[in-house]
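Each remark here refers to the structure printed beneath this line.
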Amino acid sequence: MTKLLEWLFGVSLVGAVWALVTFDLLDLSLPKTYREVAWPMPLYLLVSFGCYSLATVGYRVATFNDCEEAAKELQGQIKEAKEDLRKKGLKM
């Protein structure tokens with residue numbers, strides 16, 4: 001099962017439960033307060049997912065590993081390229 005199918009299955013399951021509770025499709029005779037809480041639930045879940053995503057991206061950026069060896073190698077290649085271009089007559 002691919003990740004897309006897993007997410008679609010999860011979202012459709014939550015959507016079906018939400019519709020059952022909100023519109024009382026199975027005549028469960030739930031209290032009105034349950035339906036009032038369930039009505040804006042998709043919006044709450046969307047905002048929660050956005051906050052989680054933002055926090056995850058922020059954490060990953062904050063803990064990103066530095067590659068000092070690769071940086072030194074790249075700086076060396078830049079110096080070589082500049083010297084080569086100077087030899088060919090390019091002024092910087």
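Residue numbering restarts at 1 in every chain; chains get A, B, ... in the order shown in the structure tokens, and ligands count up from 1 in that same order.
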
Sorted by chain and rising residue number, list the residues of range 31-89 of chain A at most 12 Å from range 9-13 of chain A (counting only C-alpha atoms), each with its closest atom pair and distance in Å to one decimal, as JSON lines.
```
{"residue": "A:Pro42", "atom": "CA", "partner": "A:Val11", "partner_atom": "CA", "distance": 10.2}
{"residue": "A:Leu45", "atom": "CA", "partner": "A:Val11", "partner_atom": "CA", "distance": 10.7}
{"residue": "A:Leu46", "atom": "CA", "partner": "A:Val11", "partner_atom": "CA", "distance": 11.3}
```

Kindly save the residues from that selection, with all heavy atoms included, as a short mmCIF file (atom, residue, chain, number, x, y, z; two decimals), in the first residue's frame.
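In the end it all went to out_13.cif:
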```
data_model
loop_
_atom_site.label_atom_id
_atom_site.label_comp_id
_atom_site.auth_asym_id
_atom_site.auth_seq_id
_atom_site.Cartn_x
_atom_site.Cartn_y
_atom_site.Cartn_z
N PRO A 42 -13.16 19.33 11.04
CA PRO A 42 -12.20 19.32 9.92
C PRO A 42 -11.31 20.56 9.91
O PRO A 42 -10.12 20.46 9.61
CB PRO A 42 -13.09 19.27 8.68
CG PRO A 42 -14.34 18.63 9.15
CD PRO A 42 -14.53 19.10 10.56
N LEU A 45 -8.70 20.11 12.62
CA LEU A 45 -7.69 19.14 12.20
C LEU A 45 -6.75 19.74 11.16
O LEU A 45 -5.54 19.48 11.19
CB LEU A 45 -8.36 17.88 11.64
CG LEU A 45 -9.10 17.02 12.67
CD1 LEU A 45 -9.81 15.87 11.97
CD2 LEU A 45 -8.14 16.49 13.71
N LEU A 46 -7.28 20.54 10.26
CA LEU A 46 -6.44 21.18 9.25
C LEU A 46 -5.46 22.16 9.89
O LEU A 46 -4.27 22.19 9.56
CB LEU A 46 -7.31 21.90 8.22
CG LEU A 46 -6.58 22.52 7.04
CD1 LEU A 46 -5.92 21.44 6.20
CD2 LEU A 46 -7.55 23.33 6.20
#
```

Exercise for review: Can you check which residues of chain A DSSP gives as alpha helix (DSSP H) on the backbone and send them as a count of residues only?
Suggested key: 70

Review point. Counting only C-alpha atoms, what is within 7 Å of range 30-39 of chain A, bar same-chain residues fewer than 2 positions away, as an MDAnalysis selection string?
Key: chainID A and resid 18 21:22 28 41

Point to revise | Atom-to-atom span, CA of Gly76 in chain A and CA of Gly89 in chain A, Å | key: 20.2 Å
